[in-house]
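Colleague: Sending over a structure as structure tokens; questions will come in a sec.
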Amino acid sequence: MFSLTTRDMRTMATEYAIIDVGSNSVRFAFERCGRLPQKRVYTTRLGSGLAGSGRLSFDTMEASLFVIGSLADEARSLGFCPRAYATSAVRDALNGREFADEVYKRCGVPVDILSGEDEACLAFLGACGGADDKRALIDIGGASMQIVTKSTAASWRTGCVRCADIVADVTDGKEPKPGSDACDTAPEEKRLALRRYIDGEVGKLQIEHEGAVGVGGTITTIAAYLLGLKEYREGAVDGSVITLDEVKALLPKLVLMGAEGRKSHPMLQKRHDIIYYGACILERAMELMRIDELTCSTKDGMEGYLYKIRSAERAIRN
């Protein structure tokens with residue numbers, strides 16, 4: 001992990017373009033003076049169906065490969081060195097290494113497949129900075145959730161896409177209406193099923209912390225919605241606060257909005273069918289950790305990964 005290729009060493013004077021191959025989306029940003037402003041998000045649902053099959057599907061791999069290839073080409077054409085890493089979906093899938101090899105073959109970009117602990121530590125590094133930060137970090141992704149403090153880093157298979165797949169068959173004897181999303185059918189049954197699943201995965205969290213930070217698409221989407229934004233603004237979301245009471249109140253609202261309501265909301269449309277599950281995960285994580293409110297950060301594992309690359313460069317120079 002974090003090994004520098006000969007090409008990287010030749011391009012140390014240039015800046016990087018970071019590609020985050022996630023379970024729900026592929027994210028991309030150009031480095032600007034050591035920072036990653038204006039992150040772009042492409043929803044490919046790479047981890048969809050993974051909970052049942054244990055494998056990445058052909059369609060989601062092809063969609064992700066197309067996006068990664070296009071982004072890598074764009075980066076190189078502008079003089080940036082593309083670097084990619086993958087998280088839970090690729091890490092857990094039986095054909096995850098096969099997918100990573102295909103990315104290198106077709107897109108020319110090697111993919112670092114992060115361990116759960118590395119994913120957690122990079123998110124903490126990016127959002128919280130140095131090891132002196134005493135806050136806890138919650139990172140909810142598509143296939144996993146990371147909870148990190150300065151002394152603890154752990155990852156659990158409780159991401160929003162994975163959890164949506166796991167409780168998809170909980171219908172309370174009802175059939176979904178055409179055009180509806182899964183959470184519109186027996187939502188309380190699904191919420192309770194998710195809580196049981198999360199508790200079984202996570203157990204009782206005994207983590208000491210002084211405040212909490214939240215990162216990941218679920219959390220930034222909820223923050224943007226609660227702020228009443230009509231278009232996503234990183235400056236407004238970064239540093240905003242989400243309370244446990246707000247998350248609890250949001251769950252029935254998401255159900256009452258229905259599929260069409262969520263699809264038509266500018267902050268929810270890209271996650272209209274998984275945001276309910278992400279909110280359920282956040283609710284339970286905050287309850288288990290006794291967190292009444294958390295501060296959102298738009299800095300996360302992407303910044304952590306960039307920092308690690310630059311640290312490896314400095315070590316080689318010295």
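As shown in the structure tokens, the chain order sets the letters A, B, ...; within each chain, residues go from 1, and ligands are also counted from 1 in the order they appear.
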If you run DSSP on the backbone, which residues of range 109-183 of chain A are strand (DSSP E or B), as a PyMOL selection string?
Modeller: chain A and resi 111-113+136-140+145-148+153-156
Colleague: Those selected residues, please, written with N, CA and C atoms and delivered as a short mmCIF file (atom, residue, chain, number, x, y, z; two decimals), in the first residue's frame.
Modeller:
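Printed below is result_5.cif as written:
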```cif
data_model
loop_
_atom_site.label_atom_id
_atom_site.label_comp_id
_atom_site.auth_asym_id
_atom_site.auth_seq_id
_atom_site.Cartn_x
_atom_site.Cartn_y
_atom_site.Cartn_z
N VAL A 111 -4.62 0.27 -8.64
CA VAL A 111 -5.61 0.53 -7.59
C VAL A 111 -5.12 -0.04 -6.27
N ASP A 112 -4.99 0.81 -5.27
CA ASP A 112 -4.71 0.36 -3.91
C ASP A 112 -6.02 -0.13 -3.30
N ILE A 113 -6.10 -1.39 -2.93
CA ILE A 113 -7.28 -1.90 -2.23
C ILE A 113 -7.02 -1.76 -0.74
N ALA A 136 -14.37 11.41 17.96
CA ALA A 136 -14.61 10.17 17.22
C ALA A 136 -15.08 10.53 15.83
N LEU A 137 -14.77 9.68 14.87
CA LEU A 137 -15.20 9.90 13.49
C LEU A 137 -16.10 8.76 13.05
N ILE A 138 -17.23 9.11 12.42
CA ILE A 138 -18.12 8.13 11.81
C ILE A 138 -18.08 8.35 10.30
N ASP A 139 -17.76 7.31 9.56
CA ASP A 139 -17.68 7.37 8.10
C ASP A 139 -18.62 6.30 7.55
N ILE A 140 -19.74 6.72 6.96
CA ILE A 140 -20.71 5.78 6.40
C ILE A 140 -20.58 5.76 4.89
N MET A 145 -19.04 0.86 7.29
CA MET A 145 -18.99 2.02 8.18
C MET A 145 -17.70 1.93 8.98
N GLN A 146 -16.98 3.05 9.05
CA GLN A 146 -15.77 3.13 9.84
C GLN A 146 -16.02 4.02 11.06
N ILE A 147 -15.53 3.58 12.20
CA ILE A 147 -15.57 4.39 13.41
C ILE A 147 -14.15 4.47 13.93
N VAL A 148 -13.67 5.68 14.14
CA VAL A 148 -12.27 5.91 14.44
C VAL A 148 -12.10 6.92 15.57
N ALA A 153 -9.39 2.15 15.45
CA ALA A 153 -9.85 2.24 14.07
C ALA A 153 -10.48 0.91 13.69
N ALA A 154 -11.76 0.95 13.33
CA ALA A 154 -12.47 -0.29 12.99
C ALA A 154 -13.42 -0.05 11.84
N SER A 155 -13.68 -1.11 11.07
CA SER A 155 -14.59 -1.05 9.93
C SER A 155 -15.58 -2.19 10.03
N TRP A 156 -16.86 -1.89 9.77
CA TRP A 156 -17.90 -2.90 9.80
C TRP A 156 -18.67 -2.90 8.48
#
```
Colleague: Give me the residues of range 195-265 of chain A that have any atom at most 9 Å from an atom of range 116-129 of chain A; for each, the nearest atom pair and the distance in Å, rounded to one decimal. Use only C-alpha atoms, sort by chain and number, and format it as a Markdown table.
Modeller:
```
| residue | atom | partner | partner_atom | distance |
| --- | --- | --- | --- | --- |
| A:Val213 | CA | A:Ala127 | CA | 7.8 |
| A:Gly214 | CA | A:Ala127 | CA | 8.5 |
| A:Val215 | CA | A:Ala127 | CA | 7.6 |
```
Colleague: Residues at most 10 Å from range 70-74 of chain A, counting only C-alpha atoms, excluding those fewer than 5 positions away in the same chain, as a list in words?
Modeller: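 The neighbour list is Ala17, Ile18, Ile19, Val26, Arg27, Phe28, Ala29, Ser64, Leu65, Gly79, Phe80, Cys81, Pro82, Arg83, Ala84, Cys107, Gly108 and Val109 of chain A.
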Colleague: Keeping all heavy atoms, export the residues of the selection given above as a CSV table (one decimal), in the first residue's frame.
Modeller:
```csv
chain,number,residue,atom,x,y,z
A,17,ALA,N,-4.3,13.6,-9.3
A,17,ALA,CA,-5.7,13.5,-9.3
A,17,ALA,C,-6.1,12.3,-8.6
A,17,ALA,O,-5.6,11.2,-8.9
A,17,ALA,CB,-6.2,13.5,-10.8
A,18,ILE,N,-6.9,12.4,-7.6
A,18,ILE,CA,-7.3,11.3,-6.7
A,18,ILE,C,-8.6,10.7,-7.2
A,18,ILE,O,-9.6,11.4,-7.3
A,18,ILE,CB,-7.3,11.7,-5.2
A,18,ILE,CG1,-6.0,12.3,-4.8
A,18,ILE,CG2,-7.7,10.5,-4.4
A,18,ILE,CD1,-4.8,11.4,-4.9
A,19,ILE,N,-8.6,9.4,-7.3
A,19,ILE,CA,-9.9,8.6,-7.7
A,19,ILE,C,-10.2,7.7,-6.6
A,19,ILE,O,-9.4,6.8,-6.2
A,19,ILE,CB,-9.7,7.9,-9.0
A,19,ILE,CG1,-9.3,8.8,-10.2
A,19,ILE,CG2,-11.0,7.1,-9.4
A,19,ILE,CD1,-8.9,8.1,-11.5
A,26,VAL,N,-18.0,6.7,-7.6
A,26,VAL,CA,-16.6,7.0,-7.9
A,26,VAL,C,-16.4,8.5,-7.7
A,26,VAL,O,-17.1,9.3,-8.3
A,26,VAL,CB,-16.2,6.6,-9.3
A,26,VAL,CG1,-14.8,7.1,-9.6
A,26,VAL,CG2,-16.3,5.1,-9.5
A,27,ARG,N,-15.5,8.9,-6.8
A,27,ARG,CA,-15.2,10.3,-6.6
A,27,ARG,C,-13.9,10.7,-7.2
A,27,ARG,O,-13.0,9.9,-7.3
A,27,ARG,CB,-15.3,10.6,-5.1
A,27,ARG,CG,-16.7,10.3,-4.5
A,27,ARG,CD,-16.7,10.8,-3.0
A,27,ARG,NE,-15.7,10.2,-2.2
A,27,ARG,CZ,-15.2,10.8,-1.1
A,27,ARG,NH1,-15.6,12.0,-0.8
A,27,ARG,NH2,-14.2,10.2,-0.4
A,28,PHE,N,-13.8,12.0,-7.5
A,28,PHE,CA,-12.6,12.5,-8.2
A,28,PHE,C,-12.3,13.9,-7.8
A,28,PHE,O,-13.3,14.7,-7.7
A,28,PHE,CB,-12.9,12.3,-9.7
A,28,PHE,CG,-11.8,12.9,-10.6
A,28,PHE,CD1,-10.7,12.2,-10.8
A,28,PHE,CD2,-12.0,14.1,-11.3
A,28,PHE,CE1,-9.7,12.6,-11.7
A,28,PHE,CE2,-11.0,14.6,-12.1
A,28,PHE,CZ,-9.9,13.8,-12.3
A,29,ALA,N,-11.0,14.2,-7.7
A,29,ALA,CA,-10.7,15.6,-7.5
A,29,ALA,C,-9.2,15.8,-7.9
A,29,ALA,O,-8.4,15.0,-7.7
A,29,ALA,CB,-10.8,16.0,-6.0
A,64,SER,N,-18.3,1.4,-13.7
A,64,SER,CA,-17.2,2.0,-12.9
A,64,SER,C,-16.0,2.1,-13.8
A,64,SER,O,-15.2,3.1,-13.7
A,64,SER,CB,-16.9,1.2,-11.7
A,64,SER,OG,-18.1,1.1,-10.8
A,65,LEU,N,-15.7,1.1,-14.6
A,65,LEU,CA,-14.5,1.1,-15.5
A,65,LEU,C,-14.6,2.3,-16.5
A,65,LEU,O,-13.6,3.0,-16.7
A,65,LEU,CB,-14.4,-0.2,-16.2
A,65,LEU,CG,-13.8,-1.4,-15.4
A,65,LEU,CD1,-14.1,-2.7,-16.1
A,65,LEU,CD2,-12.3,-1.2,-15.2
A,79,GLY,N,-2.1,17.1,-17.3
A,79,GLY,CA,-0.8,17.1,-16.6
A,79,GLY,C,-0.8,16.6,-15.2
A,79,GLY,O,0.2,16.7,-14.5
A,80,PHE,N,-1.9,16.0,-14.7
A,80,PHE,CA,-2.0,15.4,-13.4
A,80,PHE,C,-1.7,13.9,-13.4
A,80,PHE,O,-1.9,13.2,-14.4
A,80,PHE,CB,-3.4,15.6,-12.8
A,80,PHE,CG,-3.7,17.0,-12.5
A,80,PHE,CD1,-4.1,17.9,-13.4
A,80,PHE,CD2,-3.6,17.5,-11.1
A,80,PHE,CE1,-4.4,19.3,-13.1
A,80,PHE,CE2,-3.9,18.8,-10.8
A,80,PHE,CZ,-4.3,19.7,-11.8
A,81,CYS,N,-1.2,13.4,-12.3
A,81,CYS,CA,-0.9,12.0,-12.2
A,81,CYS,C,-2.1,11.3,-11.5
A,81,CYS,O,-2.3,11.6,-10.3
A,81,CYS,CB,0.4,11.7,-11.4
A,81,CYS,SG,0.8,10.0,-11.1
A,82,PRO,N,-2.8,10.5,-12.2
A,82,PRO,CA,-4.0,9.8,-11.5
A,82,PRO,C,-3.6,8.7,-10.5
A,82,PRO,O,-2.7,7.9,-10.9
A,82,PRO,CB,-4.8,9.3,-12.7
A,82,PRO,CG,-3.8,9.0,-13.7
A,82,PRO,CD,-2.8,10.1,-13.6
A,83,ARG,N,-4.1,8.8,-9.3
A,83,ARG,CA,-3.9,7.7,-8.3
A,83,ARG,C,-5.3,7.2,-7.8
A,83,ARG,O,-6.2,8.1,-7.6
A,83,ARG,CB,-3.1,8.2,-7.2
A,83,ARG,CG,-1.6,8.4,-7.5
A,83,ARG,CD,-0.9,7.1,-7.9
A,83,ARG,NE,-1.0,6.1,-6.8
A,83,ARG,CZ,0.0,6.0,-5.9
A,83,ARG,NH1,1.1,6.8,-5.9
A,83,ARG,NH2,-0.1,5.1,-5.0
A,84,ALA,N,-5.5,5.9,-7.7
A,84,ALA,CA,-6.8,5.4,-7.3
A,84,ALA,C,-6.6,4.5,-6.1
A,84,ALA,O,-5.6,3.8,-6.0
A,84,ALA,CB,-7.4,4.7,-8.5
A,107,CYS,N,-7.5,1.1,-17.9
A,107,CYS,CA,-7.4,2.5,-17.6
A,107,CYS,C,-6.0,3.0,-17.3
A,107,CYS,O,-5.7,4.2,-17.2
A,107,CYS,CB,-8.3,2.9,-16.4
A,107,CYS,SG,-10.0,2.2,-16.5
A,108,GLY,N,-5.0,2.1,-17.1
A,108,GLY,CA,-3.7,2.4,-16.8
A,108,GLY,C,-3.4,3.0,-15.5
A,108,GLY,O,-2.4,3.7,-15.2
A,109,VAL,N,-4.3,2.7,-14.5
A,109,VAL,CA,-4.2,3.2,-13.2
A,109,VAL,C,-4.1,2.1,-12.2
A,109,VAL,O,-5.1,1.3,-12.1
A,109,VAL,CB,-5.4,4.2,-12.8
A,109,VAL,CG1,-5.2,4.7,-11.4
A,109,VAL,CG2,-5.5,5.3,-13.8
```
Colleague: Nearest to Glu210 in chain A: which of A:Ser115, A:Thr295, A:Ser240, A:Thr60 is it, counting only C-alpha atoms?
Modeller: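 Checking each candidate against Glu210 in chain A, we get A:Thr295 as the closest.
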Colleague: Choose the residue, out of A:Arg271, A:Arg91, A:Glu189, A:Arg196, that has the smallest atom-to-atom separation from Thr44 in chain A; count only C-alpha atoms.
Modeller: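 Using only C-alpha atoms, the shortest distance to Thr44 in chain A belongs to A:Arg271.
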Colleague: May I have the residues within 9 Å of Val167 in chain A as a list in words, using only C-alpha atoms and disregarding those fewer than 5 positions away in the same chain?
Modeller: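 Close residues of Val167 in chain A: Arg162, Ala182, Glu189, Lys190, Arg191, Ala193 and Leu194 of chain A.
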Colleague: Kindly export the residues of the current selection with N, CA, C and O atoms, as a PDB file, in the first residue's frame.
Modeller:
```pdb
ATOM      1  N   ARG A 162     -25.143  -1.880   0.978  1.00  0.00           N
ATOM      2  CA  ARG A 162     -25.160  -3.245   1.493  1.00  0.00           C
ATOM      3  C   ARG A 162     -26.398  -3.476   2.361  1.00  0.00           C
ATOM      4  O   ARG A 162     -27.076  -4.507   2.243  1.00  0.00           O
ATOM      5  N   ALA A 182     -37.564   0.626  -2.072  1.00  0.00           N
ATOM      6  CA  ALA A 182     -37.749  -0.436  -1.080  1.00  0.00           C
ATOM      7  C   ALA A 182     -38.187   0.082   0.275  1.00  0.00           C
ATOM      8  O   ALA A 182     -38.971  -0.559   0.965  1.00  0.00           O
ATOM      9  N   GLU A 189     -40.462  -2.041   9.670  1.00  0.00           N
ATOM     10  CA  GLU A 189     -39.904  -3.392   9.713  1.00  0.00           C
ATOM     11  C   GLU A 189     -38.455  -3.382   9.228  1.00  0.00           C
ATOM     12  O   GLU A 189     -37.585  -4.053   9.803  1.00  0.00           O
ATOM     13  N   LYS A 190     -38.199  -2.632   8.190  1.00  0.00           N
ATOM     14  CA  LYS A 190     -36.845  -2.556   7.660  1.00  0.00           C
ATOM     15  C   LYS A 190     -35.914  -1.849   8.638  1.00  0.00           C
ATOM     16  O   LYS A 190     -34.760  -2.256   8.820  1.00  0.00           O
ATOM     17  N   ARG A 191     -36.420  -0.793   9.260  1.00  0.00           N
ATOM     18  CA  ARG A 191     -35.604  -0.067  10.245  1.00  0.00           C
ATOM     19  C   ARG A 191     -35.212  -0.986  11.393  1.00  0.00           C
ATOM     20  O   ARG A 191     -34.045  -1.016  11.817  1.00  0.00           O
ATOM     21  N   ALA A 193     -35.128  -4.260  11.366  1.00  0.00           N
ATOM     22  CA  ALA A 193     -34.241  -5.301  10.854  1.00  0.00           C
ATOM     23  C   ALA A 193     -32.813  -4.770  10.723  1.00  0.00           C
ATOM     24  O   ALA A 193     -31.842  -5.474  11.038  1.00  0.00           O
ATOM     25  N   LEU A 194     -32.691  -3.520  10.285  1.00  0.00           N
ATOM     26  CA  LEU A 194     -31.379  -2.919  10.165  1.00  0.00           C
ATOM     27  C   LEU A 194     -30.716  -2.752  11.527  1.00  0.00           C
ATOM     28  O   LEU A 194     -29.516  -2.998  11.684  1.00  0.00           O
TER      29      LEU A 194
END
```
